[in-house]
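Everything below concerns the one structure shown next.
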Amino acid sequence: MASEQIENYLKNIYKLSANESKVTTSSLSEKLQISPASVSEMIKKLAEEGTLTHTPYKGVELTEEGKKLALQIIRKHRLWEMFLVEVLHFGWDEIDHEAERFEHIMSDKMEEKIDHVLGHPLIDPHGDPIPTKDGKIYCSMSYPLDEAKEGSTVKVLRVSDSNSEMLQYISSIGISLNKEILVKQKMKFDNSMLITIDTKDINISATITQNIFVESM
Ligand SMILES: [Zn+2]
């Protein structure tokens with residue numbers, strides 16, 4: 001069994017459990033794009049190895065050991081993303097799939113050097129927290145832009161990294177981390193939003209407002 005495959009399971013179970021009350025075989029199958037039958041089989045193997053538990057009531061849950069391994073791989077992924085942007089000047093829309101491959105082969109020594117060169121960053125280029133070496137994770141109090149009140153000014157703390165075309169579009173309209181956005185008008189009929197960035201008015205779709213995370217000013 002390839003360790004890369006195991007690492008991807010643990011990482012995605014960790015990510016799903018942050019957003020969903022219960023991680024199921026089907027939610028995992030959807031996220032990994034692997035058939036439910038193969039996912040069940042793998043879950044059984046991982047339960048035997050002691051990195052997760054699977055019960056009908058609680059679904060799939062990582063054990064302390066499983067969580068530690070998941071956070072290690074997420075740390076490598078996000079440090080590598082940061083390195084690609086800060087040192088190699090990649091755009092934030094180009095880095096996720098690059099880091100997807102590198103997270104599995106980065107040695108602990110390389111991880112340490114990159115962390116040092118970057119000055120021990122706490123967040124990655126998308127605003128996602130980078131877990132510390134001992135597995136602590138810094139959480140910001142952000143909420144999705146679609147929940148911001150009309151007339152309020154908010155600051156961008158995090159952007160979903162799930163779609164690179166969307167990231168490209170978001171930067172093309174002038175949105176980056178720490179940018180201030182004025183919520184000018186919320187359209188009730190389609191949930192789009194009229195916002196002002198750098199004195200420019202732009203209408204953005206509900207998909208975008210749900211994928212940008214902000215704090216109140
Ligand atoms: Zn990221």
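Here, A, B, ... name the chains of the structure tokens in the order displayed, residue numbers run from 1 inside each chain, and ligands are numbered from 1 in the same displayed order.
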So that I can check the secondary structure, give me every residue of range 42-138 of chain A assigned strand (DSSP E or B) by backbone DSSP, as a PyMOL selection string. chain A and resi 52-55+59-62+123+129
Selection above as a file: N, CA and C atoms, as a PDB file, in the first residue's frame:
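Heads up, here's the output in part-v5.pdb:
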ATOM      1  N   LEU A  52      -7.512   5.522  12.396  1.00  0.00           N
ATOM      2  CA  LEU A  52      -8.888   6.020  12.463  1.00  0.00           C
ATOM      3  C   LEU A  52      -9.821   4.995  13.084  1.00  0.00           C
ATOM      4  N   THR A  53     -11.024   5.465  13.429  1.00  0.00           N
ATOM      5  CA  THR A  53     -12.078   4.560  13.872  1.00  0.00           C
ATOM      6  C   THR A  53     -13.288   4.787  12.983  1.00  0.00           C
ATOM      7  N   HIS A  54     -14.109   3.758  12.834  1.00  0.00           N
ATOM      8  CA  HIS A  54     -15.303   3.882  12.003  1.00  0.00           C
ATOM      9  C   HIS A  54     -16.480   3.240  12.727  1.00  0.00           C
ATOM     10  N   THR A  55     -17.429   4.075  13.167  1.00  0.00           N
ATOM     11  CA  THR A  55     -18.628   3.555  13.814  1.00  0.00           C
ATOM     12  C   THR A  55     -19.852   4.143  13.116  1.00  0.00           C
ATOM     13  N   GLY A  59     -19.377   7.966  12.370  1.00  0.00           N
ATOM     14  CA  GLY A  59     -18.716   7.970  11.070  1.00  0.00           C
ATOM     15  C   GLY A  59     -17.227   7.715  11.208  1.00  0.00           C
ATOM     16  N   VAL A  60     -16.452   8.262  10.258  1.00  0.00           N
ATOM     17  CA  VAL A  60     -15.007   8.063  10.262  1.00  0.00           C
ATOM     18  C   VAL A  60     -14.344   9.145  11.103  1.00  0.00           C
ATOM     19  N   GLU A  61     -13.582   8.750  12.111  1.00  0.00           N
ATOM     20  CA  GLU A  61     -12.876   9.726  12.944  1.00  0.00           C
ATOM     21  C   GLU A  61     -11.406   9.354  13.067  1.00  0.00           C
ATOM     22  N   LEU A  62     -10.544  10.367  12.941  1.00  0.00           N
ATOM     23  CA  LEU A  62      -9.109  10.106  13.085  1.00  0.00           C
ATOM     24  C   LEU A  62      -8.763   9.893  14.558  1.00  0.00           C
ATOM     25  N   ILE A 123       0.399  31.281   8.138  1.00  0.00           N
ATOM     26  CA  ILE A 123      -0.631  31.005   7.133  1.00  0.00           C
ATOM     27  C   ILE A 123       0.006  30.818   5.756  1.00  0.00           C
ATOM     28  N   PRO A 129      -4.322  28.179   7.717  1.00  0.00           N
ATOM     29  CA  PRO A 129      -3.299  28.068   8.761  1.00  0.00           C
ATOM     30  C   PRO A 129      -2.302  26.938   8.486  1.00  0.00           C
TER      31      PRO A 129
END
Non-local contacts of range 93-108 of chain A (12 Å; only C-alpha atoms; under 5 positions in same chain excluded) as a PyMOL selection string: chain A and resi 2-8+11-12+69-86+88+113-115+124-126+133+159-172+176
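For the choices A:Leu177, A:Met187, A:Val87, A:Leu28, the atom-to-atom distance to Ser205 in chain A is smallest for A:Met187 when using only C-alpha atoms.
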Return as an MDAnalysis selection string the full set of residues in chain A whose backbone-based DSSP assignment is alpha helix (DSSP H). chainID A and resid 3:19 25:32 36:49 64:86 96:102 108:117 164:172 206:209
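With only C-alpha atoms and all ligand atoms as the basis for measurement, A:Gly91 is the residue among A:Asp201, A:Gly119, A:Val183, A:Gly91 that approaches ligand 1 most closely.
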Report, in Å with one decimal, the straight-line distance from CA of Gly66 in chain A to CA of Asn19 in chain A. 17.6 Å
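Atom to atom, CA of Leu16 in chain A and CA of Gly50 in chain A stand 19.0 Å apart.
Residue nearest ligand 1 within the list A:Asp198, A:Glu41, A:Asp128, A:Glu111: A:Asp128 [criterion: smallest interatomic distance, only C-alpha atoms and all ligand atoms].
Note that CA of Arg158 in chain A and CA of Glu30 in chain A are 23.9 Å apart.
Minimum distance to ligand 1 across A:Gly127, A:Pro56, A:Pro121, A:Pro36 (counting only C-alpha atoms and all ligand atoms) occurs at A:Gly127.
Among the candidates A:Glu64, A:Glu215, A:Asp134, A:Glu150, the one nearest to Gln185 in chain A when counting only C-alpha atoms is A:Glu150.
Closest approach to Lys184 in chain A from the set A:Ile34, A:Ala148, A:Ser216, A:Val39 is made by A:Ala148, with distances taken over only C-alpha atoms.
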